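Undergrad: Here it is, the structure, as structure tokens.
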Amino acid sequence: MNRERVGVALTLGMVLASAIYCVSHFRFSSDVTVFLPPHADKAQLLVSQVLAKSDLAQAMIIAVEGPDDESAAAASKSMAETLTAHPEVEWLHSGIDRDNERAFYETFFPARFGFLSDRPEDELEGYLSSAGLATAAKHLKDYLTTPMGQSSEMVTKDPLLAFYRHLERVQEARPSTLSLLDGQFLAPRSIGTQSPAVGVLFLGTKSSPFDSRAQQNLYDGINSAFEEINKDHGGKLQLLSSGVNRYALRAERDTRKDVQRISTISLLCTVLLLLAAFRSLRYILLVVVPVAFALASGLAACLLVFGSVHGMTLAFGATLVGVSVDYSIHFFNHHVQAPKATRAHKSLKAVWGGIVLGALTTVAGFVGMAWAGIEGMRQIAVFGSVGICGAVLTTRFLLPIFVPPVRRGVPWLGRASAVLSTLVTSLASRRRLLMALPLLVAALAAYQLPRIEWNDSPTALTDFDPEMVAEDERLRLLVSDSDPGRFVAAMGTTKEEALVRNDAAFGALTAATKAGELGGFRSLHQIIWSAELQERNLRVLWGTEGFIDRYREAFAAEGFVPEAFAEFELILKGERPAPLTWNGLEESGLLPLVRGLYAQRGKDVMAVNLLYDVEEPEAIRERLSAIKGVEYFDQKEYLESAYGGFRSKILEVVVLGLSAVLFLVFLRYRDWRLALAASIPAGVSALTTLSALSIAGVPLNLLHVLGLMLVLSMGVDYGVFVVESVKGATATGKAMVGTIVSALTTILSFGLLAMSANPALSALGATVAIGNSLSLVMTPLALVMLGLKHDREGLYVDASSS
């Protein structure tokens with residue numbers, strides 16, 4: 001009795017602690033990156049991780065459409081001025097102003113000679129020769145006829161036009177689709193002059209794009225600012241936006257709706273089902289206890305381990321309503337059909353072994369999900385495993401306190417038990433016919449499984465609003481000429497290392513462009529080079545003997561007076577200048593120039609080369625393969641490869657999981673027939689479910705495979721509960737009644753999940769609902785097929801005594 005009181009006290013303590021922790025630490029997440037699978041290629045995985053967690057993921061594009069260029073530019077300028085002060089805006093870039101131009105000159109002009117050539121050892125010898133300097137003098141004469149060439153300060157200090165040449169590179173790094181009006185970015189008009197003008201802003205958020213509260217605050221600010229500006233322009237403007245945060249907010253809203261709908265309908269239908277089964281309000285109220293603790297303990301565990309709970313985890317957790325009531329249903333079903341005056345603890349003891357084994361097999365399925373290696377799946381596994389344990393604990397220690405001794409049974413349950421017992425007994429005469437069923441399933445699986453259409457695209461797991469996608473695509477075409485999701489990344493553990501590798505990548509991509517392997521690219525290299533490459537340029541220039549004499553002669557031949565470049569000669573006779581480093585670029589305030597061309601996560605730095613018109617990706621990969629730390633990355637290809645490899649791994653886990661469940665069941669029964677009777681229904685049902693979905697033309701994905709794991713773990717529960725009646729010499733029909741009621745609650749929960757708007761949750765729900773339905777049907781058939789004989793009352797008769 002003391003042990004019982006301790007168990008009750010501990011369970012109540014955990015219930016209270018879980019509730020308090022959930023209320024005080026609740027944090028919602030819709031971060032899709034937690035469902036990114038591991039990848040066999042570690043370099044590609046690193047690129048993906050840096051990209052997902054970098055500032056690039058926090059970037060937004062905002063566009064304002066107006067009737068003419070002047071209106072669009074003015075409106076975008078007003079938007080920029082308002083949003084710059086918003087607390088959620090980290091940075092904003094809407095054009096180029098005079099301050100930017102001055103900062104660029106002050107930063108790059110002193111370092112100009114480090115940017116002479118990206119192949120100094122090969123090119124500078126010719127460039128600094130007499131012939132090369134003669135060409136440079138002619139270029140200077142042509143340059144002096146341009147508006148920019150009127151700056152005598154620049155010319156006298158830089159007759160080689162090193163600064164001007166680098167300025168041209170920087171301008172090439174800007175998206176070619178954008179132009180400037182009054183310092184504001186404008187996108188081109190796509191269809192003649194009647195299409196609206198579009199002003200463009202780029203901004204970065206301070207918070208993660210998956211921080212729904214912060215992102216909603218930002219979007220409220222954007223919409224509020226636009227409404228005021230639109231009023232000033234007579235309501236003629238239109239707002240467009242693009243960013244990961246838009247999809248995150250939409251996903252959270254849809255997920256919350258799913259959770260509310262699934263949990264509410266599931267709980268309501270479960271209550272009605274249990275009311276019909278037990279005809280007692282007491283049992284209805286009591287069954288809520290394990291459900292509530294399952295949800296609270298699972299949620300608390302997720303918050304404790306992961307710091308937040310993902311929307312998909314919550315939606316999946318809503319299905320625990322149907323799973324966590326199984327244990328209390330079996331307890332109540334056995335109790336109300338027990339002899340009069342039987343106490344609750346005695347009834348629970350009779351079915352406790354089956355409850356524990358059923359819970360263990362279910363938890364085993366969730367553990368398999370955790371072993372998969374995806375953080376999102378581990379979160380679902382923790383939620384499910386801890387929730388199941390919570391439901392079992394409350395069933396064991398709390399429910400018996402409130403369940404009175406049996407006074408009178410529920411007549412219809414007794415009649416249903418008798419009918420089911422008779423049915424199972426009568427099936428024995430058709431054993432040979434039933435033996436053909438697993439053979440038929442095996443033949444169907446052997447034929448259909450190789451014909452399964454697998455869809456490993458991540459789009460199969462998400463539900464994108466077509467209007468949002470169309471708006472994103474339109475903005476991308478307006479502001480960028482690069483192929484979405486395709487780029488070359490130069491990785492390093494320091495900024496300088498990444499820049500060194502990016503210098504090499506630029507050379508390889510230039511060669512690929514000349515060979516027609518891609519149409520072109522934009523690179524961080526067009527803005528800043530590594531200090532190492534700049535030093536090489538400076539060493540060659542300062543170390544070239546006779547350079548000043550040759551340069552004087554070449555420039556004098558074009559009519560220049562050598563004395564005009566006295567400052568240039570003085571620089572060359574002095575110490576070599578220091579190269580421009582990344583830190584120098586940061587201190588200058590010019591980081592907006594490189595937005596979108598670099599990313600950083602912790603110590604990992606990534607320089608980005610955006611590609612367009614990729615024709616021969618394998619040829620590009622081959623060129624880059626010799627450069628350490630440089631990767632060609634195709635996001636769609638990467639994710640499909642990762643999900644495909646991960647799916648194959650999970651299929652192996654499913655097979656291992658079935659073996660583990662069979663082993664657990666055999667340890668319990670020490671009888672191969674009983675172990676197979678408990679396990680075979682779930683295995684056969686899993687194969688049949690896969691085959692049926694394939695025949696129906698459903699492309700299968702990762703979530704269907706994960707659903708099979710749950711079918712195996714939960715479907716075995718039905719076999720366990722029924723086989724427990726065999727082992728305990730209790731009427732099989734009695735166990736079947738409880739199994740049917742509990743199965744219906746689970747099938748109902750996952751059936752509702754199958755109707756989710758989220759394709760991933762829908763796939764998971766459909767697989768489990770179909771698989772568990774088949775498991776329920778197969779359970780009594782397995783008893784008969786394995787020769788587990790029953791008498792007229794449904795009691796097991798050992799074959800050795802017949």
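Ordered as shown in the structure tokens, chains take letters A, B, and onward, while each chain numbers its residues from 1 and ligands are numbered from 1 in the order shown.
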Write out as a VMD selection string which residues come within 12 Å of Leu572 in chain A when counting only C-alpha atoms, dropping same-chain ones fewer than 5 positions away.
TA: chain A and resid 113 157 to 158 538 to 548 551 565 to 567 577
Undergrad: Given the selection you just returned, output its residues as a file containing N, CA, C and O atoms, formatted as a PDB file, in the first residue's frame.
TA:
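This is the output file out-v8.pdb:
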```pdb
ATOM      1  N   PHE A 113      45.368  49.223 -55.851  1.00  0.00           N
ATOM      2  CA  PHE A 113      46.389  48.477 -56.576  1.00  0.00           C
ATOM      3  C   PHE A 113      46.417  46.995 -56.219  1.00  0.00           C
ATOM      4  O   PHE A 113      47.068  46.218 -56.912  1.00  0.00           O
ATOM      5  N   LYS A 157      46.335  60.203 -59.154  1.00  0.00           N
ATOM      6  CA  LYS A 157      46.801  59.177 -58.219  1.00  0.00           C
ATOM      7  C   LYS A 157      46.620  57.759 -58.763  1.00  0.00           C
ATOM      8  O   LYS A 157      47.171  56.808 -58.206  1.00  0.00           O
ATOM      9  N   ASP A 158      45.864  57.658 -59.851  1.00  0.00           N
ATOM     10  CA  ASP A 158      45.552  56.315 -60.364  1.00  0.00           C
ATOM     11  C   ASP A 158      45.503  56.313 -61.884  1.00  0.00           C
ATOM     12  O   ASP A 158      44.458  56.061 -62.496  1.00  0.00           O
ATOM     13  N   LEU A 538      50.165  43.492 -55.166  1.00  0.00           N
ATOM     14  CA  LEU A 538      51.032  44.559 -54.676  1.00  0.00           C
ATOM     15  C   LEU A 538      52.507  44.176 -54.790  1.00  0.00           C
ATOM     16  O   LEU A 538      53.356  45.014 -55.147  1.00  0.00           O
ATOM     17  N   ARG A 539      52.825  42.909 -54.507  1.00  0.00           N
ATOM     18  CA  ARG A 539      54.218  42.461 -54.609  1.00  0.00           C
ATOM     19  C   ARG A 539      54.739  42.571 -56.052  1.00  0.00           C
ATOM     20  O   ARG A 539      55.858  42.999 -56.299  1.00  0.00           O
ATOM     21  N   VAL A 540      53.894  42.170 -57.003  1.00  0.00           N
ATOM     22  CA  VAL A 540      54.313  42.231 -58.411  1.00  0.00           C
ATOM     23  C   VAL A 540      54.521  43.679 -58.853  1.00  0.00           C
ATOM     24  O   VAL A 540      55.538  44.024 -59.483  1.00  0.00           O
ATOM     25  N   LEU A 541      53.545  44.549 -58.507  1.00  0.00           N
ATOM     26  CA  LEU A 541      53.651  45.944 -58.939  1.00  0.00           C
ATOM     27  C   LEU A 541      54.869  46.625 -58.310  1.00  0.00           C
ATOM     28  O   LEU A 541      55.645  47.296 -58.994  1.00  0.00           O
ATOM     29  N   TRP A 542      55.039  46.469 -57.018  1.00  0.00           N
ATOM     30  CA  TRP A 542      56.149  47.128 -56.324  1.00  0.00           C
ATOM     31  C   TRP A 542      57.494  46.457 -56.659  1.00  0.00           C
ATOM     32  O   TRP A 542      58.536  47.076 -56.518  1.00  0.00           O
ATOM     33  N   GLY A 543      57.453  45.222 -57.127  1.00  0.00           N
ATOM     34  CA  GLY A 543      58.695  44.515 -57.418  1.00  0.00           C
ATOM     35  C   GLY A 543      59.100  44.529 -58.882  1.00  0.00           C
ATOM     36  O   GLY A 543      60.095  43.903 -59.256  1.00  0.00           O
ATOM     37  N   THR A 544      58.351  45.225 -59.737  1.00  0.00           N
ATOM     38  CA  THR A 544      58.665  45.277 -61.169  1.00  0.00           C
ATOM     39  C   THR A 544      59.751  46.321 -61.422  1.00  0.00           C
ATOM     40  O   THR A 544      59.538  47.522 -61.208  1.00  0.00           O
ATOM     41  N   GLU A 545      60.910  45.893 -61.889  1.00  0.00           N
ATOM     42  CA  GLU A 545      62.025  46.801 -62.136  1.00  0.00           C
ATOM     43  C   GLU A 545      61.778  47.649 -63.395  1.00  0.00           C
ATOM     44  O   GLU A 545      61.248  47.162 -64.397  1.00  0.00           O
ATOM     45  N   GLY A 546      62.129  48.893 -63.310  1.00  0.00           N
ATOM     46  CA  GLY A 546      62.030  49.804 -64.447  1.00  0.00           C
ATOM     47  C   GLY A 546      60.610  50.208 -64.778  1.00  0.00           C
ATOM     48  O   GLY A 546      60.370  50.774 -65.861  1.00  0.00           O
ATOM     49  N   PHE A 547      59.675  49.956 -63.887  1.00  0.00           N
ATOM     50  CA  PHE A 547      58.268  50.252 -64.202  1.00  0.00           C
ATOM     51  C   PHE A 547      58.046  51.744 -64.410  1.00  0.00           C
ATOM     52  O   PHE A 547      57.383  52.163 -65.369  1.00  0.00           O
ATOM     53  N   ILE A 548      58.617  52.596 -63.524  1.00  0.00           N
ATOM     54  CA  ILE A 548      58.336  54.031 -63.597  1.00  0.00           C
ATOM     55  C   ILE A 548      58.850  54.617 -64.911  1.00  0.00           C
ATOM     56  O   ILE A 548      58.167  55.431 -65.568  1.00  0.00           O
ATOM     57  N   TYR A 551      56.498  53.481 -67.700  1.00  0.00           N
ATOM     58  CA  TYR A 551      55.189  54.137 -67.634  1.00  0.00           C
ATOM     59  C   TYR A 551      55.286  55.590 -68.114  1.00  0.00           C
ATOM     60  O   TYR A 551      54.412  56.092 -68.827  1.00  0.00           O
ATOM     61  N   PHE A 565      51.525  63.201 -62.719  1.00  0.00           N
ATOM     62  CA  PHE A 565      51.294  61.984 -61.935  1.00  0.00           C
ATOM     63  C   PHE A 565      52.340  61.813 -60.828  1.00  0.00           C
ATOM     64  O   PHE A 565      52.715  60.704 -60.451  1.00  0.00           O
ATOM     65  N   ALA A 566      52.809  62.962 -60.338  1.00  0.00           N
ATOM     66  CA  ALA A 566      53.845  62.918 -59.300  1.00  0.00           C
ATOM     67  C   ALA A 566      53.361  62.158 -58.060  1.00  0.00           C
ATOM     68  O   ALA A 566      54.127  61.418 -57.429  1.00  0.00           O
ATOM     69  N   GLU A 567      52.102  62.352 -57.684  1.00  0.00           N
ATOM     70  CA  GLU A 567      51.576  61.662 -56.504  1.00  0.00           C
ATOM     71  C   GLU A 567      51.577  60.143 -56.701  1.00  0.00           C
ATOM     72  O   GLU A 567      51.834  59.376 -55.769  1.00  0.00           O
ATOM     73  N   PRO A 577      50.957  49.577 -49.734  1.00  0.00           N
ATOM     74  CA  PRO A 577      49.773  49.781 -48.869  1.00  0.00           C
ATOM     75  C   PRO A 577      49.244  48.450 -48.367  1.00  0.00           C
ATOM     76  O   PRO A 577      49.488  47.396 -48.961  1.00  0.00           O
TER      77      PRO A 577
END
```
Undergrad: Name the residues in contact with Leu786 in chain A at a cut-off of 8 Å, using only C-alpha atoms, excluding same-chain residues fewer than 4 positions from it; report them as a ChimeraX atom specification.
TA: /A:673,677,782
Undergrad: Give me the residues within 6 Å of range 680-688 of chain A as an mmCIF file with C-alpha atoms, in the first residue's frame, counting only C-alpha atoms and dropping any in the same chain fewer than 2 places off.
TA:
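Here's the written file part.cif:
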```
data_model
loop_
_atom_site.group_PDB
_atom_site.id
_atom_site.type_symbol
_atom_site.label_atom_id
_atom_site.label_comp_id
_atom_site.auth_asym_id
_atom_site.auth_seq_id
_atom_site.Cartn_x
_atom_site.Cartn_y
_atom_site.Cartn_z
ATOM 1 C CA LEU A 676 3.565 -14.363 -34.158
ATOM 2 C CA ALA A 677 -0.150 -13.943 -33.431
ATOM 3 C CA LEU A 690 1.976 0.271 -48.937
ATOM 4 C CA SER A 691 0.618 -1.857 -51.764
ATOM 5 C CA ALA A 692 -2.852 -0.316 -51.542
ATOM 6 C CA LEU A 708 4.592 2.411 -41.292
ATOM 7 C CA LEU A 712 3.993 -1.652 -36.675
ATOM 8 C CA GLY A 715 -0.850 -2.269 -34.650
ATOM 9 C CA VAL A 716 1.002 -4.771 -32.470
ATOM 10 C CA GLY A 771 -2.655 0.330 -41.473
ATOM 11 C CA LEU A 774 -6.121 -3.582 -41.348
ATOM 12 C CA SER A 775 -4.306 -4.584 -38.147
ATOM 13 C CA MET A 778 -6.080 -9.188 -39.109
ATOM 14 C CA THR A 779 -5.733 -9.693 -35.336
#
```
Undergrad: Write out as a list in words each polymer residue whose atoms come within 7 Å of Trp582 in chain A, counting only C-alpha atoms; drop sequence neighbours fewer than 3 positions from it.
TA: Lys495, Leu585 and Glu586 of chain A
Undergrad: Would you put the residues from that selection into a file with all heavy atoms, as a PDB file, in the first residue's frame?
TA:
```pdb
ATOM      1  N   LYS A 495      36.934  34.220 -42.506  1.00  0.00           N
ATOM      2  CA  LYS A 495      36.516  34.995 -43.679  1.00  0.00           C
ATOM      3  C   LYS A 495      37.608  34.997 -44.743  1.00  0.00           C
ATOM      4  O   LYS A 495      37.335  34.902 -45.943  1.00  0.00           O
ATOM      5  CB  LYS A 495      36.146  36.415 -43.263  1.00  0.00           C
ATOM      6  CG  LYS A 495      34.925  36.493 -42.351  1.00  0.00           C
ATOM      7  CD  LYS A 495      34.616  37.938 -41.982  1.00  0.00           C
ATOM      8  CE  LYS A 495      33.346  38.032 -41.133  1.00  0.00           C
ATOM      9  NZ  LYS A 495      33.573  37.509 -39.761  1.00  0.00           N
ATOM     10  N   LEU A 585      36.067  46.209 -44.609  1.00  0.00           N
ATOM     11  CA  LEU A 585      34.795  46.376 -45.322  1.00  0.00           C
ATOM     12  C   LEU A 585      33.654  46.567 -44.335  1.00  0.00           C
ATOM     13  O   LEU A 585      32.776  47.405 -44.534  1.00  0.00           O
ATOM     14  CB  LEU A 585      34.544  45.162 -46.216  1.00  0.00           C
ATOM     15  CG  LEU A 585      33.339  45.259 -47.156  1.00  0.00           C
ATOM     16  CD1 LEU A 585      33.586  46.285 -48.241  1.00  0.00           C
ATOM     17  CD2 LEU A 585      33.033  43.893 -47.779  1.00  0.00           C
ATOM     18  N   GLU A 586      33.657  45.775 -43.245  1.00  0.00           N
ATOM     19  CA  GLU A 586      32.612  45.901 -42.231  1.00  0.00           C
ATOM     20  C   GLU A 586      32.641  47.284 -41.588  1.00  0.00           C
ATOM     21  O   GLU A 586      31.598  47.919 -41.388  1.00  0.00           O
ATOM     22  CB  GLU A 586      32.795  44.818 -41.165  1.00  0.00           C
ATOM     23  CG  GLU A 586      32.406  43.419 -41.611  1.00  0.00           C
ATOM     24  CD  GLU A 586      32.551  42.404 -40.496  1.00  0.00           C
ATOM     25  OE1 GLU A 586      33.348  42.657 -39.560  1.00  0.00           O
ATOM     26  OE2 GLU A 586      31.880  41.360 -40.546  1.00  0.00           O
TER      27      GLU A 586
END
```
Undergrad: Give me the residues near range 114-117 of chain A as JSON, numbers by chain, where near means some atom within 6 Å (using only C-alpha atoms) and where sequence neighbours in that chain fewer than 4 positions away do not count.
TA: {"A": [162, 534, 537, 538]}
Undergrad: List every residue of range 579-752 of chain A that DSSP, applied to the backbone, labels as strand (DSSP E or B), and write the result as a list in words.
TA: Tyr598, Ala599, Gln600, Arg601, Asp604, Val605, Met606, Ala607, Val608, Asn609, Leu610, Leu611, Tyr612, Asp613, Val614, Val630, Glu631, Tyr632, Phe633, Asp634 and Leu700 of chain A
Undergrad: Kindly indicate which residue among A:Leu427, A:Val392, A:Tyr21, A:Arg261 lies nearest to Leu304 in chain A, using only C-alpha atoms for the distances.
TA: A:Tyr21
Undergrad: Residues of range 92-189 of chain A in helix (DSSP H, G or I) according to DSSP, as number ranges by chain?
TA: A: 98-108, 112-115, 120-127, 130-143, 148-150, 152-157, 162-173
Undergrad: Can you tell me, as a ChimeraX atom specification, what residues are no more than 9 Å from Pro339 in chain A when counting only C-alpha atoms, ignoring any on the same chain fewer than 2 positions away?
TA: /A:335-337,341-342,406-409
Undergrad: Do you know which residues are at most 7 Å from Phe366 in chain A counting only C-alpha atoms, after dropping those on the same chain fewer than 5 positions away, and could you put them as a list in words?
TA: Ala381, Gly384 and Ser385 of chain A
